[in-house]
Structures are given as structure tokens and as C-alpha cells.
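What follows is a single structure, written as C-alpha cells, with notes after it.
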Amino acid sequence: MTKNIPLNVLDLVHISEGQTVKEALDQALESAQQLDKLGFKRLWFAEHHNSIYTASMATSNLIGLAAQKTERIRVGSGGIMLPNHSPLQVAESFGTLAQLFPDRIDLGLGRAPGTDAQTAQLITRSGSDPQSFADSIHDLTGWFSDEGLGHSVPVTSNVGTGTNIPIWVLGSSVNGASIAGQLGLPYSIATHFTPDNYREKIDLYRSAFKPDAPTAQIEEPYVMASINVVVAPTDEEAQKIWTTAQQILMDMQTGKQRLLQPPVDPEELGTAEERALMESMFSLKAVGSPETVRKRLEEFAEDSGADELIVATYVYDPEDQKRSMEMLADLWF
């Protein structure tokens, strides 16, 4: 039986072979409108740099455009990679968004650069160590508070004052889980690409949770877990569509940069050893017919104890993407 916990979508704004960047961006905004109508709770945009197959770089811009074209769905960052930004500028950007779209903006924050080391040097603005990360979040909670002042310096973001934007800590490691708990904030765990020991990380977050932390926004632990999803009429068709995601993994292993590739016959995709490695890296997935996906999502929700789920979908054909989301909504809501 479906737990009926909220279901959300993570969008990296993928660019498929034969598609322009503008077409990918337009498609992402069309998808936002579809998700809004279908009943998904949140749409989050990721932040990646120096990648030719994603157009999700200027995350706050995408959030504003998507919020403008939708009516109900919450739109946020999954996430803003905080070391890449001045915390005050984050407060100003998201404060502006929250003023324009009240009670619809989420701020998910991560410590990773979302890129390679060389590119990170070009954009790094603040520290990525746990203490610097925590200090920046402390300032952000101050800028979003009714007083509107940073905690480290008596400076105001002005537009952020009184918005009280919900802040989430994103993480894929035990450090991220511990930081989220100690800050008393909701935790979004990146299980869609780091599935190893996810139950231990969630347990650590819950045990480390401090509702009385100066940064705390919630009274009890709250977890969102991510999973890869592709829904199609049959298991066989979904598995073939899924080979686009597997090709991304193969490219990552070889250092190759390509746009999203068309699906191929699963048996033609690399060697048996390469396929086994891809399965281990993307092992947390619900790929198949509606009944297959429903059962897998229910199992994952039960096993993780998550309060919400967020899905990542890597699909070459925009029509397959739209159909997958329609079928996902039908089976869950």
C-alpha cells in the first residue's frame, strides 16, 4: 500500500544529442508546468558547472522562471553549492524570489563544488569545510529572519528579511548527514548517485539532530531521499530508455563529455563488467512498468523511512520524459 508521502522532482536540465541549450531550457520550463498540474510537491534544480550535457548552472534564475510559469508547486535548489557563492548574495537572490513567490521557494544547500577542481577554483567564494558551511548557514538564517541581520556581521540582505525561507542540507556522505542533524535542518540525501550505506547516514542524521541549534528550523528530523525513476508501459521499454543514464555513467568513467545519447539495446551497452559497475553506482532505481515502479518506490520509502521522495530521471526523448512523469503521477497520487 502506498505511503502517500510527497513526491518531488530533481531537474538537471539535460541536453540531448541534437538539442540546443535553449531547447533544453524551454523543455525544463514546460516540464515545470506539467509537474505543477500533475500534483508533485516540489521541483528542485541542481547546480553543475563545466558540463556540456546539463544546462542547470544558474540555479536561482531557473527557479525564478519556473516559479513564474507555475501556480502551486514549490520550486527550489537541489542545490545551491554554497562554497561557489557569497552567502549574502544567496540571501539576496533567494530573498528576492521569496518576495515574488511567497511560501513557494526552497533553499537546498550543499558543500560540494558541483564540478571539477579546476572549474571550482574559478567560482569558489566561501569555505567548504564543515565549520565554514555551518557559519554561512547561520548567517543565512539571520538574513531570512524577522530581524534580517547576519549573525557574524550586522548587515542586512533587506529582501530576505522576514521570508523565513526553508533551508535544507544536501548530502551524500556521513559528514553531510551529521552537519544536517547538528544544524537542526531537514536533510536531503543524494541516494540516487551515492546509494551505499544510506540507512546508516539517515540514522546518523536522526541521532545527531539538535532541535535547539541556533540554525534549527524544525523540531524533529525530516528526510528527503532521492531515487532514479523511469516509467514506461513495459519493463522492457523502460529498461531500454534507462540505457541513456547508463551511458552517462560510462562517459563519466572514461572522462568523455557527450550530450545525452539515444537509448540502445541493454545487452549492447559495454561489457558485463561495465554493466555491473553501472548497476552498483545507480543501484537505487525504480525503472519499469507502473506496477514495477510503484512497488519499488514503496519498498524504498519503507526501507529508508523517508518523509518525502525526490526522483531523478535521465531521458533522451522529451516525449518519454513527459510520459514517465504522467505515469508516475498516476501510480503515486
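Chain identifiers are assigned as A, B, and so on, following the order in which chains appear in the C-alpha cells; residues are numbered from 1 within each chain, and ligands are numbered from 1 in order of appearance.
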
Please, which residues of region 82-314 of chain A, numbered as in this document, come out strand (DSSP E) from DSSP, as a ChimeraX atom specification? /A:105-110,167-171,187-189,223-231,285-288,308-312

List the spatial neighbours of Leu309 (chain A) as an MDAnalysis selection string - criterion: any atom at most 7 Å away, only C-alpha atoms, same-chain residues fewer than 4 positions off excluded. chainID A and resid 6:8 224:226

Hey, can you spit out that residue selection with N, CA, C and O atoms as a PDB file, in the first residue's frame?
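Wrote selection_30.pdb, looks like this:
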ATOM      1  N   PRO A   6       4.963  12.735   0.128  1.00  0.00           N
ATOM      2  CA  PRO A   6       5.132  13.629  -1.026  1.00  0.00           C
ATOM      3  C   PRO A   6       6.192  13.131  -2.003  1.00  0.00           C
ATOM      4  O   PRO A   6       7.203  12.533  -1.608  1.00  0.00           O
ATOM      5  N   LEU A   7       5.950  13.395  -3.271  1.00  0.00           N
ATOM      6  CA  LEU A   7       6.866  13.016  -4.342  1.00  0.00           C
ATOM      7  C   LEU A   7       7.307  14.273  -5.070  1.00  0.00           C
ATOM      8  O   LEU A   7       6.478  15.129  -5.414  1.00  0.00           O
ATOM      9  N   ASN A   8       8.594  14.394  -5.287  1.00  0.00           N
ATOM     10  CA  ASN A   8       9.195  15.598  -5.846  1.00  0.00           C
ATOM     11  C   ASN A   8      10.087  15.243  -7.028  1.00  0.00           C
ATOM     12  O   ASN A   8      10.400  14.069  -7.260  1.00  0.00           O
ATOM     13  N   MET A 224      14.400  13.737   3.102  1.00  0.00           N
ATOM     14  CA  MET A 224      14.001  13.508   1.713  1.00  0.00           C
ATOM     15  C   MET A 224      15.084  12.641   1.070  1.00  0.00           C
ATOM     16  O   MET A 224      16.269  12.976   1.141  1.00  0.00           O
ATOM     17  N   ALA A 225      14.675  11.523   0.458  1.00  0.00           N
ATOM     18  CA  ALA A 225      15.625  10.615  -0.180  1.00  0.00           C
ATOM     19  C   ALA A 225      15.382  10.591  -1.681  1.00  0.00           C
ATOM     20  O   ALA A 225      14.243  10.655  -2.145  1.00  0.00           O
ATOM     21  N   SER A 226      16.461  10.480  -2.451  1.00  0.00           N
ATOM     22  CA  SER A 226      16.353  10.543  -3.913  1.00  0.00           C
ATOM     23  C   SER A 226      16.513   9.158  -4.528  1.00  0.00           C
ATOM     24  O   SER A 226      17.204   8.286  -4.002  1.00  0.00           O
TER      25      SER A 226
END

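Summary of the local environment: counting only C-alpha atoms, residues at most 10 Å from Trp332 (chain A), other than itself and those fewer than 6 positions away along its chain, are A:Thr2, A:Lys3, A:Asn4, A:Ile5, A:Pro6, A:Leu7, A:Gly39, A:Phe40, A:Pro290, A:Val293, A:Arg294, A:Leu297, A:Glu298.
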
Give the alpha helix (DSSP H) residues of region 287-319 of chain A, as assigned by DSSP on the backbone, as a PyMOL selection string. chain A and resi 290-304+318-319

Can you tell me which residues surround Thr163 (chain A) at a distance of at most 8 Å, considering only C-alpha atoms, apart from same-chain residues fewer than 5 positions away, and format the answer as an MDAnalysis selection string? chainID A and resid 95 98:99 102 144:146

Between CA of Gly150 (chain A) and CA of Ser132 (chain A), measure the distance and give it in Å to one decimal.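 CA of Ser132 (chain A) lies 14.2 Å from CA of Gly150 (chain A).
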
Which is closer to Ile241 (chain A) than all the others in A:Gln253, A:Ser289, A:Ser304, A:Asn61, using only C-alpha atoms?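 Answer, going by the shortest atom-to-atom distance: A:Ser289.
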
Using only C-alpha atoms for the distances, tell me which of A:Thr191, A:Thr292, A:Thr313, A:Gln34 is nearest to Thr234 (chain A).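 Looking at the shortest contact to Thr234 (chain A), the residue is A:Thr292.
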
Find the residues around region 199-205 of chain A up to 8 Å (only C-alpha atoms counted), leave out those fewer than 3 positions away in its own chain, and share them as a PyMOL selection string. chain A and resi 173-174+177-181+187+189+208-209+221+223+303-304

Could you check how far CA of Ile73 (chain A) sits from CA of Gln33 (chain A), in Å to one decimal?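 Value for the CA of Ile73 (chain A)-CA of Gln33 (chain A) distance: 8.9 Å.
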
Considering only C-alpha atoms, can you say which of A:Ala67, A:Ala245, A:Val230, A:Leu140 comes closest to Arg323 (chain A)? A:Val230

Proximity to Glu274 (chain A) - best of A:Met250, A:Ala329, A:Ala301, A:Leu107, only C-alpha atoms: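 Closest to Glu274 (chain A), using only C-alpha atoms: A:Met250.
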
Which residue gives the smallest distance to Arg111 (chain A) among A:Ser51, A:Leu284, A:Val75, A:Asn175, with only C-alpha atoms counted?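 Answer, going by the shortest atom-to-atom distance: A:Asn175.
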
Distance CA of Asn228 (chain A)-CA of His85 (chain A), one decimal place? 28.1 Å

Write out as a CSV table (one decimal) with C-alpha atoms, in the first residue's frame each polymer residue whose atoms come within 12 Å of Val21 (chain A), counting only C-alpha atoms; drop sequence neighbours fewer than 3 positions from it.
chain,number,residue,atom,x,y,z
A,13,VAL,CA,18.1,20.3,-17.3
A,14,HIS,CA,19.8,17.7,-19.5
A,15,ILE,CA,20.7,18.5,-23.1
A,16,SER,CA,20.1,15.6,-25.6
A,17,GLU,CA,22.1,15.0,-28.7
A,18,GLY,CA,20.6,17.1,-31.5
A,24,ALA,CA,16.6,22.2,-23.2
A,25,LEU,CA,15.8,25.2,-21.1
A,26,ASP,CA,12.4,25.7,-22.8
A,27,GLN,CA,11.7,22.0,-22.2
A,28,ALA,CA,12.6,22.3,-18.5
A,51,SER,CA,29.3,20.1,-18.1
A,52,ILE,CA,28.1,20.0,-21.7
A,53,TYR,CA,25.1,17.8,-21.1
A,54,THR,CA,23.4,19.9,-18.4
A,55,ALA,CA,22.1,23.5,-18.5
A,56,SER,CA,21.4,23.8,-14.8
A,57,MET,CA,24.2,26.3,-13.9
A,259,LEU,CA,25.2,15.2,-24.8

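Using only C-alpha atoms, the smallest distance between any of A:Leu260, A:Ala46, A:Ile80, A:Ala58 and Pro318 (chain A) comes from A:Leu260.
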
Give me the residues near Gly79 (chain A) as JSON, numbers by chain, where near means some atom within 12 Å (using only C-alpha atoms) and where sequence neighbours in that chain fewer than 2 positions away do not count. {"A": [10, 11, 12, 43, 44, 45, 46, 47, 48, 56, 57, 58, 59, 60, 63, 75, 76, 77, 81, 82, 83, 84, 85, 90, 106, 107, 108, 109, 110, 111, 112, 113, 114, 167, 168, 169, 170, 171, 187, 188, 189, 190]}
